[in-house]
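> Here it is, the structure in full.
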4 protein chains.
Amino acid sequence: MSKGINKVILIGNLGADPEVRYMPQGGAVANMTIATSESWTDKSTNQKKEQTEWHRVVIYQRLAEIAGDYLRKGSKVYIEGKLRNREWTDKEGIKRYTTEIVANELQMLDGKQDGQQQGGYQQPAQNNQRQPAGRQNQGR
Amino acid sequence: MSKGINKVILIGNLGADPEVRYMPQGGAVANMTIATSESWTDKSTNQKKEQTEWHRVVIYQRLAEIAGDYLRKGSKVYIEGKLRNREWTDKEGIKRYTTEIVANELQMLDGKQDGQQQGGYQQPAQNNQRQPAGRQNQGR
Amino acid sequence: MSKGINKVILIGNLGADPEVRYMPQGGAVANMTIATSESWTDKSTNQKKEQTEWHRVVIYQRLAEIAGDYLRKGSKVYIEGKLRNREWTDKEGIKRYTTEIVANELQMLDGKQDGQQQGGYQQPAQNNQRQPAGRQNQGR
Amino acid sequence: MSKGINKVILIGNLGADPEVRYMPQGGAVANMTIATSESWTDKSTNQKKEQTEWHRVVIYQRLAEIAGDYLRKGSKVYIEGKLRNREWTDKEGIKRYTTEIVANELQMLDGKQDGQQQGGYQQPAQNNQRQPAGRQNQGR
DNA sequence: TTTT
DNA sequence: TTTT
């Protein structure tokens, strides 16, 4: 049972190909960043403004494999998940905190679902290699 | 116009009374932390587990004043807003990043809307004092 | 896999105790109506207005039993689910259409979780009797 | 102030071009139907199943004009709004009820934002004609 | 730091 | 038919 609601809904574009790694037990973990932006006109200066937020998203298991197989830099996705705060230590030994979205639903929103990319033929195995999940870029 | 969707929905309890400050121009800003927790049974050990997330929420203007007037430590609220990442420098000069929810909708979900609290009579003006918005606890 | 998103989020009060029935195979089905209301001031007449919507909600299986055991007329709930349109024929043989929310998440939002009701002691088994699911009020 | 939450989020495709009409006072009203579908494998028969829901969506004012100008049959959209139940009388004098989503946010999710359509050149003024809002297809 |  |  859960007490309270912790829900995030994002529609945005991937800043890079998802990074897929595998846990020692075999489960997949995908990390990706998603940009959402909003634009408005500043009424005092009458200037157009744009603000982009970059969201750290982590996905597990089967959904992580789907992300690794079908999503690429620039892909537009719908993500639903929850917020999670994580503590880690950087290489200088400084304690840092990161908020990320743990996604439990994912939908591609553009037609590049064939895995085809702008830069010609795409090797589907590229993001699929079983890399150890240990050393990864943590935090932001 | 906005490109993409950046939406957060929370239902949880306040960890403390909201901190309300006023901008130089007079607009109110309320900061609060909201806890959401989920509990489940670990099927391998058959033990009950609970995980609590603490969310930093910031509210502006009229909604901030409502928060300051009606919400207290322990209040259950519905919050809707968007994720915003903010960069700041701590007192050691270390650059830090914080993710917070900028709320644009707020609803009280418990009957303590009279401002009555467990600890006896409550002074409604307490959180209403016009404190300068300058020096505040930043980050987490 | 799902194509598209079909999501409803409601916070409101039950108009009556949930009606719980059991399918021939034993699965529970709970029907309930939930009111959400919004109020505003009509700026042309300066009059306060209020508009209430009544939502038909249906819940299945274990969640339906929880609803039957813990929810009562007046209970405040959070509901998450999807829209479903259903066709049925009334007793005059007229074909009718009803839209309902099929809930997949439910949370009680008030302190009446002990099953205590305003009218004195409450028999918890009352809504629990295994009624046939056949003859029910359909449509609205 | 609103009591309760009444929120719908849809991502789906338009079943037809939006129908835009104008109120006597000049405000635009757009009606459209949006399909969401989910597919799954029936584990008892091992057959693939698909279920499509058709949602009636109504949009007002400036957003209605945007819908009329940029959306076409087949367009993929994100819609956010609220549920509203409406009573009307069909031509046989039978009282009917319809549930629709009143949208307050709309985002196009495919690249056909230039108004270009599959069937050749598209007249942008076509859906823009100021038709009276009186006689419209009501109900479903 | 909340809540059940 | 609910709730404040």
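Every chain in the structure tokens has a letter given in the order shown (A, B, ...), and although residue numbers restart at 1 in each chain, ligands are simply numbered from 1 in the order shown.
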Compile the contact shell of Ser37 of chain D as an mmCIF file with C-alpha atoms, in the first residue's frame: residues with an atom at most 7 Å away, counting only C-alpha atoms (C1' of nucleotides), same-chain residues fewer than 4 positions apart removed.

```
data_model
loop_
_atom_site.group_PDB
_atom_site.id
_atom_site.type_symbol
_atom_site.label_atom_id
_atom_site.label_comp_id
_atom_site.auth_asym_id
_atom_site.auth_seq_id
_atom_site.Cartn_x
_atom_site.Cartn_y
_atom_site.Cartn_z
ATOM 1 C CA SER C 2 -0.797 0.550 -25.163
ATOM 2 C CA LYS C 3 -1.079 3.118 -27.916
ATOM 3 C CA GLY C 4 -1.913 6.458 -26.414
ATOM 4 C CA GLU D 50 -7.032 -4.483 -28.931
ATOM 5 C CA GLN D 51 -9.548 -2.128 -27.411
ATOM 6 C CA THR D 52 -10.073 1.403 -28.678
ATOM 7 C CA GLU D 53 -11.888 4.128 -26.772
#
```
> If we count only C-alpha atoms, which residues of chain D reach to within 12 Å of chain A? Please list them as a ChimeraX atom specification.
/D:9-13,38,75-80,107-112
> Residues within 10 Å of DT1 of chain E, please, as a PDB file with N, CA, C and O atoms, in the first residue's frame. Count only C-alpha atoms (C1' of nucleotides); anything in the same chain fewer than 6 positions from it doesn't count.

```pdb
ATOM      1  N   LEU B  14       3.034  17.718   5.044  1.00  0.00           N
ATOM      2  CA  LEU B  14       4.096  18.697   5.257  1.00  0.00           C
ATOM      3  C   LEU B  14       4.999  18.278   6.419  1.00  0.00           C
ATOM      4  O   LEU B  14       4.514  17.915   7.494  1.00  0.00           O
ATOM      5  N   GLY B  15       6.299  18.390   6.180  1.00  0.00           N
ATOM      6  CA  GLY B  15       7.243  18.076   7.244  1.00  0.00           C
ATOM      7  C   GLY B  15       7.386  19.178   8.269  1.00  0.00           C
ATOM      8  O   GLY B  15       7.867  18.945   9.382  1.00  0.00           O
ATOM      9  N   ALA B  16       6.960  20.364   7.927  1.00  0.00           N
ATOM     10  CA  ALA B  16       7.056  21.520   8.830  1.00  0.00           C
ATOM     11  C   ALA B  16       6.099  22.589   8.319  1.00  0.00           C
ATOM     12  O   ALA B  16       5.577  22.475   7.206  1.00  0.00           O
ATOM     13  N   ASP B  17       5.863  23.598   9.144  1.00  0.00           N
ATOM     14  CA  ASP B  17       5.068  24.733   8.672  1.00  0.00           C
ATOM     15  C   ASP B  17       5.721  25.330   7.431  1.00  0.00           C
ATOM     16  O   ASP B  17       6.954  25.349   7.324  1.00  0.00           O
ATOM     17  N   THR B  33       8.297  21.313   2.517  1.00  0.00           N
ATOM     18  CA  THR B  33       8.689  19.962   2.127  1.00  0.00           C
ATOM     19  C   THR B  33       7.492  19.054   2.360  1.00  0.00           C
ATOM     20  O   THR B  33       6.763  19.188   3.340  1.00  0.00           O
ATOM     21  N   ILE B  34       7.314  18.155   1.427  1.00  0.00           N
ATOM     22  CA  ILE B  34       6.172  17.243   1.468  1.00  0.00           C
ATOM     23  C   ILE B  34       6.691  15.823   1.403  1.00  0.00           C
ATOM     24  O   ILE B  34       7.525  15.497   0.551  1.00  0.00           O
ATOM     25  N   ALA B  35       6.185  14.996   2.285  1.00  0.00           N
ATOM     26  CA  ALA B  35       6.591  13.590   2.315  1.00  0.00           C
ATOM     27  C   ALA B  35       5.558  12.729   1.614  1.00  0.00           C
ATOM     28  O   ALA B  35       4.363  12.854   1.852  1.00  0.00           O
ATOM     29  N   TRP B  54      11.114  12.888   0.330  1.00  0.00           N
ATOM     30  CA  TRP B  54      10.851  14.270   0.726  1.00  0.00           C
ATOM     31  C   TRP B  54      10.994  15.163  -0.484  1.00  0.00           C
ATOM     32  O   TRP B  54      12.038  15.200  -1.124  1.00  0.00           O
ATOM     33  N   LYS B  73       2.587  22.064   9.678  1.00  0.00           N
ATOM     34  CA  LYS B  73       3.284  20.778   9.819  1.00  0.00           C
ATOM     35  C   LYS B  73       2.264  19.646   9.941  1.00  0.00           C
ATOM     36  O   LYS B  73       1.350  19.725  10.782  1.00  0.00           O
ATOM     37  N   GLY B  74       2.388  18.657   9.106  1.00  0.00           N
ATOM     38  CA  GLY B  74       1.479  17.518   9.151  1.00  0.00           C
ATOM     39  C   GLY B  74       0.284  17.624   8.216  1.00  0.00           C
ATOM     40  O   GLY B  74      -0.360  16.613   7.934  1.00  0.00           O
TER      41      GLY B  74
END
```
> Distance atom CA of Thr98 of chain B-atom CA of Arg56 of chain B, one decimal place?
8.8 Å
